[in-house]
$ cat structure05.cif   # mmCIF, C-alpha atoms
data_entry
loop_
_atom_site.label_atom_id
_atom_site.label_comp_id
_atom_site.auth_asym_id
_atom_site.auth_seq_id
_atom_site.Cartn_x
_atom_site.Cartn_y
_atom_site.Cartn_z
CA MET W 1 -15.77 -14.39 13.25
CA LEU W 2 -12.38 -13.65 11.75
CA GLU W 3 -11.99 -11.07 9.00
CA LEU W 4 -9.11 -11.11 6.51
CA SER W 5 -8.42 -8.04 4.41
CA SER W 6 -5.61 -6.47 2.48
CA THR W 7 -4.38 -3.21 3.93
CA GLU W 8 -3.11 -0.32 1.87
CA LEU W 9 -0.02 1.29 3.33
CA ALA W 10 3.34 2.80 2.49
CA VAL W 11 6.60 1.29 3.73
CA VAL W 12 9.80 3.33 4.06
CA ALA W 13 13.03 1.57 5.05
CA CYS W 14 15.60 3.60 6.97
CA LEU W 15 19.09 2.14 6.96
CA ALA W 16 21.73 3.83 9.11
CA ALA W 17 24.05 3.48 12.07
CA PRO W 18 22.17 2.39 15.19
CA LYS W 19 22.80 5.74 16.94
CA ALA W 20 21.29 7.62 13.99
CA LEU W 21 18.18 5.43 14.03
CA ASP W 22 17.90 5.87 17.81
CA ALA W 23 17.81 9.65 17.30
CA LEU W 24 15.53 9.64 14.25
CA PRO W 25 12.22 11.39 14.98
CA THR W 26 9.21 9.48 13.66
CA PRO W 27 7.65 11.56 10.87
CA GLU W 28 4.13 12.76 11.56
CA GLY W 29 1.55 10.24 10.37
CA ALA W 30 3.94 7.28 10.46
CA THR W 31 4.53 4.35 12.81
CA ALA W 32 8.14 3.25 13.34
CA PHE W 33 9.40 -0.28 13.97
CA ARG W 34 13.01 -1.23 14.55
CA THR W 35 13.63 -4.43 12.62
CA ALA W 36 17.42 -4.67 13.11
CA PRO W 37 20.11 -2.58 14.79
CA ASP W 38 20.74 -0.76 11.50
CA GLU W 39 17.20 -0.89 10.01
CA LEU W 40 13.93 0.78 10.88
CA LEU W 41 10.65 0.58 8.96
CA LEU W 42 8.15 3.41 8.79
CA LEU W 43 4.54 2.46 8.02
CA ALA W 44 2.13 5.15 6.87
CA PRO W 45 -1.04 5.64 4.86
CA PRO W 46 -0.28 5.47 1.11
CA ASP W 47 -0.97 9.17 0.52
CA ALA W 48 1.75 10.05 3.08
CA ALA W 49 4.53 8.04 1.41
CA GLU W 50 6.37 10.93 -0.25
CA ARG W 51 6.13 13.17 2.80
CA VAL W 52 7.30 10.44 5.20
CA LEU W 53 10.17 9.48 2.87
CA ALA W 54 11.30 13.12 2.52
CA ALA W 55 11.16 13.75 6.27
CA ALA W 56 13.03 10.53 7.09
CA ALA W 57 15.70 11.18 4.45
CA GLU W 58 16.28 14.74 5.64
CA SER W 59 16.55 13.74 9.29
CA LEU W 60 18.71 10.68 8.61
CA THR W 61 21.28 12.41 6.43
CA ALA W 62 21.75 15.01 9.17
CA LEU W 63 22.49 12.18 11.62
CA ASP W 64 24.54 9.82 9.42
CA ASP W 65 26.29 10.70 6.13
CA ASP W 66 25.94 7.11 4.92
CA ALA W 67 22.25 6.73 5.82
CA LEU W 68 19.62 5.71 3.31
CA ALA W 69 15.85 6.15 3.37
CA ILE W 70 13.99 4.43 0.56
CA GLU W 71 10.36 3.63 -0.18
CA VAL W 72 9.97 -0.15 -0.36
CA THR W 73 6.17 -0.37 -0.49
CA ASP W 74 6.16 -2.55 -3.61
CA GLY W 75 8.18 -5.22 -1.82
CA TRP W 76 5.56 -5.77 0.88
CA THR W 77 1.93 -6.79 1.19
CA ALA W 78 -0.08 -6.07 4.31
CA LEU W 79 -2.88 -8.38 5.43
CA THR W 80 -5.07 -7.66 8.43
CA LEU W 81 -6.59 -10.38 10.61
CA ALA W 82 -9.31 -8.83 12.75
CA GLY W 83 -11.75 -10.24 15.26
CA PRO W 84 -11.85 -12.13 18.53
CA ASP W 85 -10.29 -15.21 16.86
CA ALA W 86 -7.28 -13.33 15.42
CA ARG W 87 -4.85 -14.67 18.01
CA GLU W 88 -6.12 -18.24 17.65
CA ALA W 89 -5.75 -17.99 13.89
CA PHE W 90 -2.23 -16.63 14.25
CA ALA W 91 -1.30 -19.51 16.58
CA ARG W 92 -2.21 -21.88 13.74
CA LEU W 93 0.18 -20.01 11.41
CA SER W 94 3.16 -19.43 13.68
CA VAL W 95 4.85 -20.43 16.93
CA LEU W 96 5.68 -16.79 17.71
CA GLU W 97 4.44 -15.56 21.07
CA LEU W 98 2.38 -12.43 20.46
CA PRO W 99 2.70 -9.50 22.86
CA GLU W 100 -0.50 -7.82 24.07
CA ALA W 101 0.33 -4.98 21.71
CA GLY W 102 3.41 -3.94 19.77
CA PHE W 103 5.64 -5.35 17.08
CA ILE W 104 7.18 -8.76 16.48
CA GLN W 105 8.80 -10.46 13.52
CA GLY W 106 9.49 -14.03 12.53
CA ASP W 107 8.11 -17.05 10.67
CA VAL W 108 4.42 -16.95 9.71
CA ALA W 109 3.19 -19.78 7.47
CA ARG W 110 6.86 -20.52 6.67
CA VAL W 111 7.38 -16.92 5.45
CA PRO W 112 9.41 -14.18 7.16
CA ALA W 113 6.90 -11.60 8.36
CA LYS W 114 6.55 -8.53 10.52
CA ILE W 115 3.47 -8.29 12.71
CA LEU W 116 1.86 -5.22 14.26
CA VAL W 117 -0.16 -6.55 17.20
CA GLU W 118 -3.29 -5.00 18.68
CA PRO W 119 -5.73 -6.74 21.04
CA GLU W 120 -8.13 -8.06 18.34
CA ARG W 121 -6.26 -7.10 15.19
CA LEU W 122 -3.00 -8.21 13.62
CA LEU W 123 -1.32 -6.53 10.67
CA LEU W 124 0.86 -9.05 8.84
CA LEU W 125 3.53 -7.47 6.67
CA VAL W 126 4.87 -10.15 4.30
CA PRO W 127 7.13 -10.04 1.25
CA ALA W 128 4.87 -9.30 -1.74
CA SER W 129 5.94 -12.46 -3.54
CA TRP W 130 4.55 -14.55 -0.65
CA ALA W 131 1.27 -12.69 -0.12
CA GLU W 132 -0.96 -15.19 -1.91
CA HIS W 133 0.61 -18.10 -0.02
CA VAL W 134 -0.07 -16.45 3.35
CA ARG W 135 -3.61 -15.49 2.29
CA GLU W 136 -4.33 -19.10 1.28
CA ARG W 137 -2.92 -20.40 4.58
CA VAL W 138 -5.21 -18.06 6.55
CA LEU W 139 -8.24 -19.16 4.55
CA ALA W 140 -7.31 -22.84 5.15
CA LEU W 141 -7.28 -22.52 8.96
CA ALA W 142 -10.61 -24.29 9.45
CA LEU W 143 -11.94 -21.22 11.23
CA ASP W 144 -14.85 -19.07 10.14
CA VAL W 145 -12.94 -16.53 8.02
CA ARG W 146 -14.68 -13.81 6.06
CA GLU W 147 -12.53 -12.24 3.39
CA ARG W 148 -13.22 -8.54 3.03
CA PRO W 149 -13.36 -7.65 -0.68
CA GLU W 150 -12.24 -4.03 -0.35
CA PRO W 151 -8.88 -3.12 1.19
CA ARG W 152 -8.56 -1.47 4.58
CA ALA W 153 -6.78 1.84 4.96
CA PHE W 154 -3.78 1.78 7.29
CA GLU W 155 -4.41 3.86 10.40
CA VAL W 156 -1.63 5.30 12.51
CA LYS W 157 -2.41 4.82 16.19
CA ALA W 158 -1.64 7.65 18.60
CA PRO W 159 1.21 6.78 20.98
#
$ encode --input "structure05.cif" --output "structure tokens"
Amino acid sequence: MLELSSTELAVVACLAAPKALDALPTPEGATAFRTAPDELLLLAPPDAAERVLAAAAESLTALDDDALAIEVTDGWTALTLAGPDAREAFARLSVLELPEAGFIQGDVARVPAKILVEPERLLLLVPASWAEHVRERVLALALDVRERPEPRAFEVKAP
């Protein structure tokens, strides 16, 4: 069975020169994903947002005078697909080839998305304005999908 749930998390965007982002230490309690040469996203539990933002801003400004770290949580919605059918469900939403584990980005249900991949769980990070569309597409997959009524808490995985 496939489970769909919203996931509560904080999102901090770090915008800087590529060398600065290469040298940026990942704040404790966050997971970092490079989304472009000059952009990196930090995902963290919601209660860590201020701490992660402060740590990223302090480190970035020491590395690049023009750097910017900003919390962009409100611009994103996170949905988790969990279960042995998560990859099959994803294949019905996107032509992206999923790695065994890691991060990928691209078109999901005709929406630009960022995907954190684990063996039987996918975290879909989609623009907030498209969240309901993606949710409806998942529920329309013709798979046995159980929608979890309460949100999941984002968990940072140890490296």
$ closest_residue --input "structure05.cif" --among "W:Pro119, W:Pro45, W:Gly106, W:Pro151" --to "Gly83 in chain W" --atoms "only C-alpha atoms"
W:Pro119
$ closest_atom_pairs --input "structure05.cif" --of "range 87-154 of chain W" --to "range 69-74 of chain W" --cutoff "10 Å" --atoms "only C-alpha atoms" --output "JSON lines"
{"residue": "W:Pro127", "atom": "CA", "partner": "W:Asp74", "partner_atom": "CA", "distance": 9.0}
{"residue": "W:Ala128", "atom": "CA", "partner": "W:Asp74", "partner_atom": "CA", "distance": 7.1}
{"residue": "W:Ser129", "atom": "CA", "partner": "W:Asp74", "partner_atom": "CA", "distance": 9.9}
$ write_last_selection --input "structure05.cif" --atoms "C-alpha atoms" --output "PDB file, in the coordinates of the input"
ATOM      1  CA  PRO W 127       7.130 -10.040   1.250  1.00  0.00           C
ATOM      2  CA  ALA W 128       4.870  -9.300  -1.740  1.00  0.00           C
ATOM      3  CA  SER W 129       5.940 -12.460  -3.540  1.00  0.00           C
TER       4      SER W 129
END
$ atom_distance --input "structure05.cif" --atom1 "CA of Leu124 in chain W" --atom2 "CA of Cys14 in chain W"
19.5 Å
$ resolve_selection --input "structure05.cif" --expression "the PyMOL selection byres ((chain W and resi 1) around 7)" --output "PyMOL selection string"
chain W and resi 2-3+83-85+144-145
$ atom_distance --input "structure05.cif" --atom1 "CA of Leu122 in chain W" --atom2 "CA of Leu81 in chain W"
5.2 Å
$ closest_residue --input "structure05.cif" --among "W:Ala32, W:Ala131, W:Ala82, W:Val52" --to "Arg146 in chain W" --atoms "only C-alpha atoms"
W:Ala82
